[in-house]
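**Q** What follows is data16.txt; its format and atoms are compact mmCIF, N, CA and C atoms.
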# COMPACT_ATOMS: atom_id res chain seq x y z
N MET A 1 0.84 -1.18 0.00
CA MET A 1 0.00 0.00 0.00
C MET A 1 0.89 1.24 0.00
N ILE A 2 0.53 2.22 -0.77
CA ILE A 2 1.30 3.45 -0.90
C ILE A 2 0.88 4.41 0.20
N PRO A 3 1.86 4.94 0.95
CA PRO A 3 1.52 5.84 2.06
C PRO A 3 0.73 7.06 1.60
N LYS A 4 -0.19 7.47 2.44
CA LYS A 4 -1.07 8.58 2.12
C LYS A 4 -0.31 9.88 1.87
N LYS A 5 0.78 10.12 2.62
CA LYS A 5 1.50 11.38 2.46
C LYS A 5 2.09 11.55 1.06
N LEU A 6 2.46 10.45 0.41
CA LEU A 6 3.02 10.54 -0.93
C LEU A 6 1.95 10.53 -2.01
N THR A 7 0.74 10.12 -1.67
CA THR A 7 -0.30 10.05 -2.69
C THR A 7 -1.30 11.19 -2.59
N ARG A 8 -1.15 12.08 -1.62
CA ARG A 8 -2.11 13.16 -1.45
C ARG A 8 -2.32 13.89 -2.77
N ARG A 9 -1.28 14.34 -3.43
CA ARG A 9 -1.39 15.05 -4.69
C ARG A 9 -1.45 14.07 -5.85
N ALA A 10 -0.80 12.91 -5.70
CA ALA A 10 -0.65 11.98 -6.80
C ALA A 10 -1.82 11.05 -7.00
N GLY A 11 -2.68 10.89 -6.01
CA GLY A 11 -3.68 9.84 -6.06
C GLY A 11 -4.99 10.21 -6.70
N ILE A 12 -5.07 11.24 -7.51
CA ILE A 12 -6.33 11.69 -8.06
C ILE A 12 -6.94 10.66 -9.01
N ILE A 13 -6.23 10.32 -10.05
CA ILE A 13 -6.72 9.33 -11.01
C ILE A 13 -5.54 8.46 -11.39
N GLY A 14 -5.72 7.16 -11.40
CA GLY A 14 -4.56 6.30 -11.62
C GLY A 14 -4.63 5.45 -12.87
N THR A 15 -3.51 5.31 -13.51
CA THR A 15 -3.29 4.35 -14.56
C THR A 15 -2.09 3.56 -14.10
N GLY A 16 -2.23 2.27 -13.94
CA GLY A 16 -1.12 1.54 -13.35
C GLY A 16 -0.62 0.41 -14.19
N ALA A 17 0.62 0.07 -13.95
CA ALA A 17 1.21 -1.13 -14.53
C ALA A 17 1.74 -1.93 -13.35
N MET A 18 1.19 -3.07 -13.14
CA MET A 18 1.59 -3.89 -12.02
C MET A 18 2.46 -5.02 -12.54
N LEU A 19 3.64 -5.17 -11.97
CA LEU A 19 4.53 -6.23 -12.37
C LEU A 19 4.61 -7.22 -11.22
N ALA A 20 4.13 -8.44 -11.47
CA ALA A 20 4.05 -9.43 -10.42
C ALA A 20 5.28 -10.33 -10.42
N GLY A 21 5.26 -11.29 -9.55
CA GLY A 21 6.36 -12.22 -9.44
C GLY A 21 7.26 -11.86 -8.29
N LEU A 22 8.35 -12.53 -8.18
CA LEU A 22 9.29 -12.29 -7.10
C LEU A 22 10.31 -11.25 -7.49
N GLY A 23 9.84 -10.10 -7.89
CA GLY A 23 10.74 -9.03 -8.28
C GLY A 23 11.26 -9.20 -9.69
N LEU A 24 10.78 -10.18 -10.40
CA LEU A 24 11.25 -10.39 -11.76
C LEU A 24 10.38 -9.57 -12.70
N SER A 25 10.88 -8.46 -13.11
CA SER A 25 10.13 -7.60 -13.99
C SER A 25 10.95 -7.30 -15.22
N MET A 26 10.27 -6.78 -16.21
CA MET A 26 10.92 -6.51 -17.48
C MET A 26 11.88 -5.33 -17.37
N PRO A 27 13.01 -5.38 -18.09
CA PRO A 27 13.85 -4.19 -18.16
C PRO A 27 13.12 -3.09 -18.92
N ALA A 28 13.60 -1.85 -18.76
CA ALA A 28 12.93 -0.72 -19.39
C ALA A 28 12.75 -0.92 -20.88
N SER A 29 13.71 -1.51 -21.55
CA SER A 29 13.61 -1.67 -23.00
C SER A 29 12.52 -2.64 -23.41
N ALA A 30 12.08 -3.49 -22.48
CA ALA A 30 11.05 -4.45 -22.81
C ALA A 30 9.69 -4.07 -22.24
N ALA A 31 9.55 -2.85 -21.77
CA ALA A 31 8.29 -2.40 -21.17
C ALA A 31 7.17 -2.44 -22.21
N SER A 32 5.97 -2.29 -21.74
CA SER A 32 4.77 -2.40 -22.56
C SER A 32 4.91 -1.69 -23.91
N SER A 33 4.31 -2.29 -24.92
CA SER A 33 4.46 -1.79 -26.28
C SER A 33 3.48 -0.69 -26.65
N SER A 34 2.33 -0.63 -26.02
CA SER A 34 1.30 0.33 -26.42
C SER A 34 1.16 1.45 -25.40
N PRO A 35 1.16 2.71 -25.86
CA PRO A 35 0.91 3.83 -24.95
C PRO A 35 -0.50 3.74 -24.36
N VAL A 36 -0.66 4.31 -23.18
CA VAL A 36 -1.95 4.30 -22.48
C VAL A 36 -2.46 5.73 -22.39
N GLY A 37 -3.64 6.00 -22.93
CA GLY A 37 -4.24 7.31 -22.81
C GLY A 37 -4.80 7.50 -21.40
N CYS A 38 -4.75 8.72 -20.89
CA CYS A 38 -5.27 8.99 -19.56
C CYS A 38 -5.76 10.45 -19.47
N PRO A 39 -6.46 10.80 -18.39
CA PRO A 39 -7.00 12.15 -18.25
C PRO A 39 -5.90 13.21 -18.08
N THR A 40 -6.28 14.47 -18.00
CA THR A 40 -5.32 15.57 -17.85
C THR A 40 -4.50 15.45 -16.57
N THR A 41 -5.06 14.85 -15.53
CA THR A 41 -4.31 14.52 -14.32
C THR A 41 -4.22 13.01 -14.28
N CYS A 42 -3.00 12.50 -14.35
CA CYS A 42 -2.79 11.08 -14.61
C CYS A 42 -1.69 10.54 -13.71
N THR A 43 -1.93 9.37 -13.10
CA THR A 43 -0.96 8.73 -12.23
C THR A 43 -0.62 7.35 -12.77
N ALA A 44 0.66 7.00 -12.71
CA ALA A 44 1.11 5.67 -13.13
C ALA A 44 1.98 5.08 -12.02
N THR A 45 1.84 3.78 -11.82
CA THR A 45 2.57 3.09 -10.75
C THR A 45 3.17 1.79 -11.26
N VAL A 46 4.38 1.53 -10.82
CA VAL A 46 5.03 0.24 -11.08
C VAL A 46 5.32 -0.37 -9.71
N GLN A 47 5.03 -1.66 -9.54
CA GLN A 47 5.29 -2.34 -8.27
C GLN A 47 6.20 -3.54 -8.52
N ILE A 48 7.15 -3.74 -7.63
CA ILE A 48 8.00 -4.91 -7.63
C ILE A 48 7.55 -5.75 -6.43
N VAL A 49 6.62 -6.65 -6.67
CA VAL A 49 5.88 -7.33 -5.62
C VAL A 49 6.77 -8.11 -4.66
N GLY A 50 7.68 -8.92 -5.14
CA GLY A 50 8.51 -9.74 -4.28
C GLY A 50 9.41 -8.94 -3.35
N PHE A 51 9.62 -7.66 -3.67
CA PHE A 51 10.46 -6.79 -2.85
C PHE A 51 9.66 -5.69 -2.17
N ASN A 52 8.32 -5.74 -2.31
CA ASN A 52 7.43 -4.75 -1.71
C ASN A 52 7.89 -3.32 -2.04
N ALA A 53 8.29 -3.10 -3.28
CA ALA A 53 8.75 -1.78 -3.72
C ALA A 53 7.77 -1.21 -4.74
N TRP A 54 7.63 0.11 -4.74
CA TRP A 54 6.79 0.77 -5.74
C TRP A 54 7.43 2.10 -6.15
N TYR A 55 7.10 2.48 -7.37
CA TYR A 55 7.52 3.77 -7.95
C TYR A 55 6.26 4.36 -8.58
N GLN A 56 6.03 5.64 -8.33
CA GLN A 56 4.79 6.26 -8.82
C GLN A 56 5.10 7.65 -9.36
N GLY A 57 4.38 8.02 -10.40
CA GLY A 57 4.51 9.36 -10.97
C GLY A 57 3.15 9.91 -11.33
N THR A 58 3.03 11.22 -11.27
CA THR A 58 1.79 11.91 -11.63
C THR A 58 2.12 13.10 -12.50
N VAL A 59 1.27 13.31 -13.50
CA VAL A 59 1.31 14.52 -14.33
C VAL A 59 -0.01 15.23 -14.15
N ASP A 60 0.05 16.55 -14.01
CA ASP A 60 -1.15 17.38 -13.93
C ASP A 60 -1.07 18.45 -15.01
N ASN A 61 -1.75 18.21 -16.12
CA ASN A 61 -1.76 19.18 -17.22
C ASN A 61 -2.81 20.27 -17.03
N THR A 62 -3.42 20.35 -15.85
CA THR A 62 -4.35 21.45 -15.55
C THR A 62 -3.70 22.48 -14.63
N TYR A 63 -2.49 22.20 -14.17
CA TYR A 63 -1.76 23.10 -13.29
C TYR A 63 -1.59 24.46 -13.97
N SER A 64 -1.71 25.51 -13.19
CA SER A 64 -1.58 26.85 -13.76
C SER A 64 -0.97 27.81 -12.75
N ALA A 65 0.11 28.44 -13.13
CA ALA A 65 0.75 29.50 -12.36
C ALA A 65 1.43 30.40 -13.38
N SER A 66 1.93 31.51 -12.97
CA SER A 66 2.54 32.46 -13.89
C SER A 66 3.62 31.80 -14.76
N GLY A 67 3.34 31.64 -16.06
CA GLY A 67 4.28 31.05 -16.99
C GLY A 67 4.40 29.54 -16.92
N LEU A 68 3.62 28.89 -16.07
CA LEU A 68 3.69 27.44 -15.89
C LEU A 68 2.36 26.80 -16.25
N THR A 69 2.42 25.65 -16.93
CA THR A 69 1.18 25.03 -17.41
C THR A 69 0.99 23.57 -17.02
N SER A 70 1.99 22.96 -16.38
CA SER A 70 1.83 21.58 -15.94
C SER A 70 2.73 21.32 -14.74
N TRP A 71 2.49 20.18 -14.11
CA TRP A 71 3.23 19.80 -12.91
C TRP A 71 3.51 18.31 -12.99
N ILE A 72 4.69 17.87 -12.52
CA ILE A 72 5.04 16.46 -12.55
C ILE A 72 5.65 16.06 -11.21
N TRP A 73 5.35 14.84 -10.77
CA TRP A 73 5.79 14.33 -9.48
C TRP A 73 6.26 12.90 -9.64
N VAL A 74 7.26 12.49 -8.86
CA VAL A 74 7.70 11.10 -8.82
C VAL A 74 8.07 10.75 -7.38
N GLY A 75 7.70 9.54 -6.96
CA GLY A 75 8.01 9.11 -5.60
C GLY A 75 8.19 7.60 -5.55
N SER A 76 8.78 7.12 -4.45
CA SER A 76 8.97 5.69 -4.26
C SER A 76 9.04 5.39 -2.76
N ASN A 77 8.90 4.11 -2.43
CA ASN A 77 8.96 3.74 -1.01
C ASN A 77 10.30 3.17 -0.60
N LYS A 78 11.15 2.79 -1.53
CA LYS A 78 12.46 2.21 -1.18
C LYS A 78 13.54 2.90 -1.98
N LEU A 79 14.04 2.26 -3.02
CA LEU A 79 15.08 2.86 -3.85
C LEU A 79 14.52 4.03 -4.64
N GLY A 80 15.38 4.92 -5.09
CA GLY A 80 14.94 6.06 -5.89
C GLY A 80 14.52 5.62 -7.28
N GLY A 81 13.54 6.29 -7.83
CA GLY A 81 13.06 6.03 -9.18
C GLY A 81 13.16 7.28 -10.01
N HIS A 82 12.52 7.26 -11.17
CA HIS A 82 12.50 8.44 -12.02
C HIS A 82 11.29 8.40 -12.94
N VAL A 83 10.92 9.56 -13.43
CA VAL A 83 9.88 9.67 -14.45
C VAL A 83 10.56 10.24 -15.69
N ASP A 84 10.34 9.57 -16.82
CA ASP A 84 10.81 10.04 -18.12
C ASP A 84 9.62 10.73 -18.78
N TYR A 85 9.84 11.89 -19.41
CA TYR A 85 8.71 12.60 -20.00
C TYR A 85 9.13 13.46 -21.18
N TYR A 86 8.15 13.72 -22.04
CA TYR A 86 8.31 14.61 -23.18
C TYR A 86 7.33 15.76 -23.04
N LEU A 87 7.78 16.95 -23.43
CA LEU A 87 6.95 18.15 -23.36
C LEU A 87 6.44 18.53 -24.74
N GLN A 88 5.31 19.19 -24.77
CA GLN A 88 4.70 19.65 -26.02
C GLN A 88 5.69 20.53 -26.79
N GLY A 89 5.92 20.19 -28.06
CA GLY A 89 6.80 20.98 -28.91
C GLY A 89 8.28 20.79 -28.64
N ASP A 90 8.65 19.80 -27.84
CA ASP A 90 10.04 19.55 -27.47
C ASP A 90 10.33 18.07 -27.66
N GLY A 91 11.23 17.74 -28.57
CA GLY A 91 11.52 16.34 -28.89
C GLY A 91 12.50 15.66 -27.94
N ALA A 92 13.01 16.37 -26.94
CA ALA A 92 13.98 15.77 -26.02
C ALA A 92 13.28 15.07 -24.86
N MET A 93 13.81 13.90 -24.48
CA MET A 93 13.28 13.23 -23.31
C MET A 93 13.88 13.88 -22.06
N HIS A 94 13.03 14.21 -21.10
CA HIS A 94 13.44 14.79 -19.83
C HIS A 94 13.27 13.74 -18.75
N LYS A 95 13.99 13.90 -17.62
CA LYS A 95 13.89 12.97 -16.50
C LYS A 95 13.80 13.76 -15.20
N LEU A 96 12.99 13.25 -14.29
CA LEU A 96 12.92 13.78 -12.94
C LEU A 96 13.17 12.61 -12.00
N TYR A 97 14.19 12.72 -11.16
CA TYR A 97 14.57 11.66 -10.23
C TYR A 97 14.06 11.97 -8.83
N ASN A 98 13.84 10.92 -8.05
CA ASN A 98 13.51 11.12 -6.64
C ASN A 98 14.51 10.38 -5.77
N PRO A 99 14.79 10.92 -4.58
CA PRO A 99 15.67 10.22 -3.65
C PRO A 99 14.98 8.95 -3.13
N ALA A 100 15.76 8.01 -2.65
CA ALA A 100 15.22 6.76 -2.11
C ALA A 100 14.20 7.05 -1.02
N GLY A 101 13.03 6.42 -1.13
CA GLY A 101 11.98 6.55 -0.13
C GLY A 101 11.36 7.92 -0.01
N ASP A 102 11.50 8.76 -1.01
CA ASP A 102 11.00 10.13 -0.95
C ASP A 102 10.37 10.49 -2.30
N SER A 103 10.13 11.77 -2.52
CA SER A 103 9.53 12.21 -3.77
C SER A 103 10.14 13.52 -4.23
N SER A 104 9.91 13.84 -5.49
CA SER A 104 10.34 15.11 -6.10
C SER A 104 9.25 15.58 -7.04
N SER A 105 9.16 16.88 -7.21
CA SER A 105 8.19 17.42 -8.17
C SER A 105 8.73 18.71 -8.75
N THR A 106 8.14 19.11 -9.86
CA THR A 106 8.50 20.38 -10.47
C THR A 106 7.33 20.86 -11.33
N ALA A 107 7.20 22.17 -11.43
CA ALA A 107 6.22 22.78 -12.33
C ALA A 107 6.92 23.06 -13.66
N LEU A 108 6.19 22.96 -14.75
CA LEU A 108 6.76 23.05 -16.09
C LEU A 108 6.08 24.14 -16.91
N SER A 109 6.81 24.69 -17.86
CA SER A 109 6.27 25.76 -18.70
C SER A 109 5.55 25.23 -19.93
N LYS A 110 5.58 23.90 -20.15
CA LYS A 110 4.87 23.28 -21.28
C LYS A 110 4.09 22.08 -20.77
N LYS A 111 3.09 21.67 -21.52
CA LYS A 111 2.30 20.50 -21.17
C LYS A 111 3.12 19.23 -21.39
N VAL A 112 2.88 18.22 -20.57
CA VAL A 112 3.50 16.91 -20.73
C VAL A 112 2.66 16.12 -21.73
N VAL A 113 3.30 15.61 -22.79
CA VAL A 113 2.55 14.86 -23.80
C VAL A 113 2.65 13.35 -23.60
N THR A 114 3.69 12.88 -22.93
CA THR A 114 3.80 11.46 -22.60
C THR A 114 4.81 11.28 -21.47
N PHE A 115 4.58 10.26 -20.63
CA PHE A 115 5.50 9.99 -19.53
C PHE A 115 5.43 8.52 -19.13
N ARG A 116 6.48 8.06 -18.47
CA ARG A 116 6.51 6.74 -17.88
C ARG A 116 7.28 6.82 -16.57
N VAL A 117 6.99 5.89 -15.67
CA VAL A 117 7.65 5.83 -14.37
C VAL A 117 8.54 4.58 -14.35
N CYS A 118 9.77 4.75 -13.87
CA CYS A 118 10.72 3.63 -13.83
C CYS A 118 11.42 3.58 -12.48
N GLY A 119 11.89 2.40 -12.14
CA GLY A 119 12.69 2.22 -10.94
C GLY A 119 13.40 0.89 -10.97
N PRO A 120 14.41 0.72 -10.12
CA PRO A 120 15.17 -0.53 -10.09
C PRO A 120 14.28 -1.74 -9.86
N ASN A 121 14.54 -2.81 -10.63
CA ASN A 121 13.74 -4.02 -10.51
C ASN A 121 14.36 -5.06 -9.58
N TYR A 122 15.49 -4.71 -8.96
CA TYR A 122 16.18 -5.55 -7.98
C TYR A 122 16.89 -6.75 -8.60
N ILE A 123 16.96 -6.83 -9.92
CA ILE A 123 17.73 -7.89 -10.57
C ILE A 123 18.66 -7.31 -11.63
N GLY A 124 18.98 -6.03 -11.52
CA GLY A 124 19.97 -5.45 -12.41
C GLY A 124 19.45 -4.57 -13.52
N GLY A 125 18.20 -4.20 -13.50
CA GLY A 125 17.63 -3.34 -14.53
C GLY A 125 16.55 -2.45 -13.96
N ASP A 126 15.81 -1.83 -14.84
CA ASP A 126 14.68 -0.99 -14.46
C ASP A 126 13.38 -1.66 -14.86
N ALA A 127 12.35 -1.43 -14.08
CA ALA A 127 10.98 -1.77 -14.44
C ALA A 127 10.30 -0.45 -14.74
N CYS A 128 9.52 -0.39 -15.82
CA CYS A 128 8.84 0.84 -16.22
C CYS A 128 7.38 0.58 -16.53
N THR A 129 6.57 1.59 -16.31
CA THR A 129 5.18 1.53 -16.76
C THR A 129 5.17 1.68 -18.27
N PRO A 130 4.04 1.42 -18.90
CA PRO A 130 3.92 1.80 -20.31
C PRO A 130 4.00 3.33 -20.41
N TRP A 131 4.23 3.84 -21.59
CA TRP A 131 4.15 5.29 -21.80
C TRP A 131 2.71 5.69 -21.61
N ASN A 132 2.46 6.73 -20.83
CA ASN A 132 1.13 7.26 -20.57
C ASN A 132 0.99 8.57 -21.33
N VAL A 133 -0.15 8.78 -21.95
CA VAL A 133 -0.39 9.97 -22.76
C VAL A 133 -1.53 10.76 -22.10
N PRO A 134 -1.17 11.73 -21.24
CA PRO A 134 -2.23 12.52 -20.58
C PRO A 134 -2.91 13.48 -21.56
N ALA A 135 -4.19 13.70 -21.34
CA ALA A 135 -4.92 14.68 -22.16
C ALA A 135 -4.32 16.07 -21.90
N ILE A 136 -4.42 16.91 -22.90
CA ILE A 136 -3.90 18.28 -22.77
C ILE A 136 -5.09 19.22 -22.71
N SER A 137 -5.17 19.98 -21.62
CA SER A 137 -6.33 20.88 -21.42
C SER A 137 -6.14 22.17 -22.19
For the file at hand, write its structure as structure tokens.

**A**
Amino acid sequence: MIPKKLTRRAGIIGTGAMLAGLGLSMPASAASSSPVGCPTTCTATVQIVGFNAWYQGTVDNTYSASGLTSWIWVGSNKLGGHVDYYLQGDGAMHKLYNPAGDSSSTALSKKVVTFRVCGPNYIGGDACTPWNVPAIS
């Protein structure tokens, strides 16, 4: 179960990828093949069941502040994870990392067009959610 303090902002609407087994999950390169559409506020979670570890990320494309149009968050309960994301009109992949057992967030000046959450799979690679495609408000 994901602690309430880390899901307060992140737990609005969820799209998840659950990886079962004893921590045996796919490396990032073998992650799901099809992108997943989701609402303007979208959460994705990857779990490594045999190690009771999780990595979670949220995008909020309804966020609004002076010069800022979206917000992104990543958190985990054990090892540090990261969220990979692309911004509207920008072909470069960006990454936001979180410290082990903690979270990180940032506000962005462009909408997030796709993102995935990744973290160590405990067997030498990363486990990642499918690419999530949040709606753009």

**Q** Please report the interatomic distance between atom CA of A:Ala127 and atom N of A:Met93 in Å with one decimal.

**A**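 Between atom CA of A:Ala127 and atom N of A:Met93 the gap is 18.8 Å.
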
**Q** Identify, on the basis of only C-alpha atoms, every residue whose closest approach to stretch 58-69 of chain A does not exceed 8 Å; exclude the query and any residue fewer than 4 positions from it along the same chain; express the result as a list in words.

**A**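 Everything that qualifies: Ala10, Thr40, Thr41, Cys42, Thr43, Ala44, Trp73, Val74, Ala107, Leu108, Ser109, Lys110, Lys111, Val112, Pro134, Ala135, Ile136 and Ser137 of chain A.
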
**Q** Neighbours of A:Gly75 within 8 Å (all atoms listed in the file; same-chain residues fewer than 6 positions away dropped), as a list in words?

**A** Leu6, Trp54, Tyr55, Gln56, Gly57, Thr58, Gly81, His82, Val83, Tyr97, Asn98, Pro99, Ala100, Gly101, Asp102, Ser103, Ser104 and Ser105 of chain A

**Q** Using all atoms listed in the file, pick whichever of A:Ile48, A:Gly37, A:Pro120, A:Gly125 has the shortest atom-to-atom distance to A:Gly80.

**A**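 Closest residue, counting all atoms listed in the file: A:Pro120.
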
**Q** Between atom N of A:Asp126 and atom N of A:Val36, what is the distance, to one decimal in Å?

**A**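 Value for the atom N of A:Asp126-atom N of A:Val36 distance: 19.5 Å.
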
**Q** Could you jot down the atom CA of A:Trp71 to atom N of A:Gln47 separation for me, Å, one decimal place?

**A**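 Pair atom CA of A:Trp71 / atom N of A:Gln47 returns 21.8 Å.
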
**Q** Can you tell me, as a tab-separated table (two decimals) with N, CA and C atoms, keeping the file's coordinate frame, which residues in stretch 21-125 of chain A count as strand (DSSP E) by DSSP?

**A**
chain	number	residue	atom	x	y	z
A	36	VAL	N	-0.66	4.31	-23.18
A	36	VAL	CA	-1.95	4.30	-22.48
A	36	VAL	C	-2.46	5.73	-22.39
A	37	GLY	N	-3.64	6.00	-22.93
A	37	GLY	CA	-4.24	7.31	-22.81
A	37	GLY	C	-4.80	7.50	-21.40
A	38	CYS	N	-4.75	8.72	-20.89
A	38	CYS	CA	-5.27	8.99	-19.56
A	38	CYS	C	-5.76	10.45	-19.47
A	41	THR	N	-5.06	14.85	-15.53
A	41	THR	CA	-4.31	14.52	-14.32
A	41	THR	C	-4.22	13.01	-14.28
A	42	CYS	N	-3.00	12.50	-14.35
A	42	CYS	CA	-2.79	11.08	-14.61
A	42	CYS	C	-1.69	10.54	-13.71
A	43	THR	N	-1.93	9.37	-13.10
A	43	THR	CA	-0.96	8.73	-12.23
A	43	THR	C	-0.62	7.35	-12.77
A	44	ALA	N	0.66	7.00	-12.71
A	44	ALA	CA	1.11	5.67	-13.13
A	44	ALA	C	1.98	5.08	-12.02
A	45	THR	N	1.84	3.78	-11.82
A	45	THR	CA	2.57	3.09	-10.75
A	45	THR	C	3.17	1.79	-11.26
A	46	VAL	N	4.38	1.53	-10.82
A	46	VAL	CA	5.03	0.24	-11.08
A	46	VAL	C	5.32	-0.37	-9.71
A	47	GLN	N	5.03	-1.66	-9.54
A	47	GLN	CA	5.29	-2.34	-8.27
A	47	GLN	C	6.20	-3.54	-8.52
A	48	ILE	N	7.15	-3.74	-7.63
A	48	ILE	CA	8.00	-4.91	-7.63
A	48	ILE	C	7.55	-5.75	-6.43
A	53	ALA	N	8.29	-3.10	-3.28
A	53	ALA	CA	8.75	-1.78	-3.72
A	53	ALA	C	7.77	-1.21	-4.74
A	54	TRP	N	7.63	0.11	-4.74
A	54	TRP	CA	6.79	0.77	-5.74
A	54	TRP	C	7.43	2.10	-6.15
A	55	TYR	N	7.10	2.48	-7.37
A	55	TYR	CA	7.52	3.77	-7.95
A	55	TYR	C	6.26	4.36	-8.58
A	56	GLN	N	6.03	5.64	-8.33
A	56	GLN	CA	4.79	6.26	-8.82
A	56	GLN	C	5.10	7.65	-9.36
A	57	GLY	N	4.38	8.02	-10.40
A	57	GLY	CA	4.51	9.36	-10.97
A	57	GLY	C	3.15	9.91	-11.33
A	58	THR	N	3.03	11.22	-11.27
A	58	THR	CA	1.79	11.91	-11.63
A	58	THR	C	2.12	13.10	-12.50
A	59	VAL	N	1.27	13.31	-13.50
A	59	VAL	CA	1.31	14.52	-14.33
A	59	VAL	C	-0.01	15.23	-14.15
A	60	ASP	N	0.05	16.55	-14.01
A	60	ASP	CA	-1.15	17.38	-13.93
A	60	ASP	C	-1.07	18.45	-15.01
A	70	SER	N	1.99	22.96	-16.38
A	70	SER	CA	1.83	21.58	-15.94
A	70	SER	C	2.73	21.32	-14.74
A	71	TRP	N	2.49	20.18	-14.11
A	71	TRP	CA	3.23	19.80	-12.91
A	71	TRP	C	3.51	18.31	-12.99
A	72	ILE	N	4.69	17.87	-12.52
A	72	ILE	CA	5.04	16.46	-12.55
A	72	ILE	C	5.65	16.06	-11.21
A	73	TRP	N	5.35	14.84	-10.77
A	73	TRP	CA	5.79	14.33	-9.48
A	73	TRP	C	6.26	12.90	-9.64
A	74	VAL	N	7.26	12.49	-8.86
A	74	VAL	CA	7.70	11.10	-8.82
A	74	VAL	C	8.07	10.75	-7.38
A	75	GLY	N	7.70	9.54	-6.96
A	75	GLY	CA	8.01	9.11	-5.60
A	75	GLY	C	8.19	7.60	-5.55
A	76	SER	N	8.78	7.12	-4.45
A	76	SER	CA	8.97	5.69	-4.26
A	76	SER	C	9.04	5.39	-2.76
A	82	HIS	N	12.52	7.26	-11.17
A	82	HIS	CA	12.50	8.44	-12.02
A	82	HIS	C	11.29	8.40	-12.94
A	83	VAL	N	10.92	9.56	-13.43
A	83	VAL	CA	9.88	9.67	-14.45
A	83	VAL	C	10.56	10.24	-15.69
A	84	ASP	N	10.34	9.57	-16.82
A	84	ASP	CA	10.81	10.04	-18.12
A	84	ASP	C	9.62	10.73	-18.78
A	85	TYR	N	9.84	11.89	-19.41
A	85	TYR	CA	8.71	12.60	-20.00
A	85	TYR	C	9.13	13.46	-21.18
A	86	TYR	N	8.15	13.72	-22.04
A	86	TYR	CA	8.31	14.61	-23.18
A	86	TYR	C	7.33	15.76	-23.04
A	87	LEU	N	7.78	16.95	-23.43
A	87	LEU	CA	6.95	18.15	-23.36
A	87	LEU	C	6.44	18.53	-24.74
A	94	HIS	N	13.03	14.21	-21.10
A	94	HIS	CA	13.44	14.79	-19.83
A	94	HIS	C	13.27	13.74	-18.75
A	95	LYS	N	13.99	13.90	-17.62
A	95	LYS	CA	13.89	12.97	-16.50
A	95	LYS	C	13.80	13.76	-15.20
A	96	LEU	N	12.99	13.25	-14.29
A	96	LEU	CA	12.92	13.78	-12.94
A	96	LEU	C	13.17	12.61	-12.00
A	97	TYR	N	14.19	12.72	-11.16
A	97	TYR	CA	14.57	11.66	-10.23
A	97	TYR	C	14.06	11.97	-8.83
A	103	SER	N	10.13	11.77	-2.52
A	103	SER	CA	9.53	12.21	-3.77
A	103	SER	C	10.14	13.52	-4.23
A	104	SER	N	9.91	13.84	-5.49
A	104	SER	CA	10.34	15.11	-6.10
A	104	SER	C	9.25	15.58	-7.04
A	105	SER	N	9.16	16.88	-7.21
A	105	SER	CA	8.19	17.42	-8.17
A	105	SER	C	8.73	18.71	-8.75
A	106	THR	N	8.14	19.11	-9.86
A	106	THR	CA	8.50	20.38	-10.47
A	106	THR	C	7.33	20.86	-11.33
A	107	ALA	N	7.20	22.17	-11.43
A	107	ALA	CA	6.22	22.78	-12.33
A	107	ALA	C	6.92	23.06	-13.66
A	108	LEU	N	6.19	22.96	-14.75
A	108	LEU	CA	6.76	23.05	-16.09
A	108	LEU	C	6.08	24.14	-16.91
A	112	VAL	N	2.88	18.22	-20.57
A	112	VAL	CA	3.50	16.91	-20.73
A	112	VAL	C	2.66	16.12	-21.73
A	113	VAL	N	3.30	15.61	-22.79
A	113	VAL	CA	2.55	14.86	-23.80
A	113	VAL	C	2.65	13.35	-23.60
A	114	THR	N	3.69	12.88	-22.93
A	114	THR	CA	3.80	11.46	-22.60
A	114	THR	C	4.81	11.28	-21.47
A	115	PHE	N	4.58	10.26	-20.63
A	115	PHE	CA	5.50	9.99	-19.53
A	115	PHE	C	5.43	8.52	-19.13
A	116	ARG	N	6.48	8.06	-18.47
A	116	ARG	CA	6.51	6.74	-17.88
A	116	ARG	C	7.28	6.82	-16.57
A	117	VAL	N	6.99	5.89	-15.67
A	117	VAL	CA	7.65	5.83	-14.37
A	117	VAL	C	8.54	4.58	-14.35
A	118	CYS	N	9.77	4.75	-13.87
A	118	CYS	CA	10.72	3.63	-13.83
A	118	CYS	C	11.42	3.58	-12.48
A	119	GLY	N	11.89	2.40	-12.14
A	119	GLY	CA	12.69	2.22	-10.94
A	119	GLY	C	13.40	0.89	-10.97
A	120	PRO	N	14.41	0.72	-10.12
A	120	PRO	CA	15.17	-0.53	-10.09
A	120	PRO	C	14.28	-1.74	-9.86

**Q** Which is closer to A:Thr106 than all the others in A:Ile72, A:Asn132, A:His94, A:Phe51, using only N, CA and C atoms?

**A**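 Nearest to A:Thr106: A:Ile72.
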
**Q** Which is closer to A:Thr129 than all the others in A:Ala53, A:Val117, A:Leu79, A:Leu87, using only N, CA and C atoms?

**A**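 Residue with the minimum atom-to-atom distance to A:Thr129: A:Val117.
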
**Q** Please write a file for stretch 118-131 of chain A, taken from the block I just shared, that holds C-alpha atoms and is laid out as a PDB file, in the first residue's frame.

**A**
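Output saved as result-v2.pdb:
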ATOM      1  CA  CYS A 118      10.719   3.632 -13.830  1.00  0.00           C
ATOM      2  CA  GLY A 119      12.691   2.220 -10.936  1.00  0.00           C
ATOM      3  CA  PRO A 120      15.173  -0.525 -10.091  1.00  0.00           C
ATOM      4  CA  ASN A 121      13.736  -4.022 -10.510  1.00  0.00           C
ATOM      5  CA  TYR A 122      16.178  -5.550  -7.982  1.00  0.00           C
ATOM      6  CA  ILE A 123      17.727  -7.893 -10.570  1.00  0.00           C
ATOM      7  CA  GLY A 124      19.973  -5.446 -12.411  1.00  0.00           C
ATOM      8  CA  GLY A 125      17.631  -3.336 -14.532  1.00  0.00           C
ATOM      9  CA  ASP A 126      14.684  -0.986 -14.457  1.00  0.00           C
ATOM     10  CA  ALA A 127      10.984  -1.771 -14.436  1.00  0.00           C
ATOM     11  CA  CYS A 128       8.844   0.841 -16.223  1.00  0.00           C
ATOM     12  CA  THR A 129       5.179   1.534 -16.757  1.00  0.00           C
ATOM     13  CA  PRO A 130       3.915   1.805 -20.305  1.00  0.00           C
ATOM     14  CA  TRP A 131       4.153   5.293 -21.801  1.00  0.00           C
TER      15      TRP A 131
END
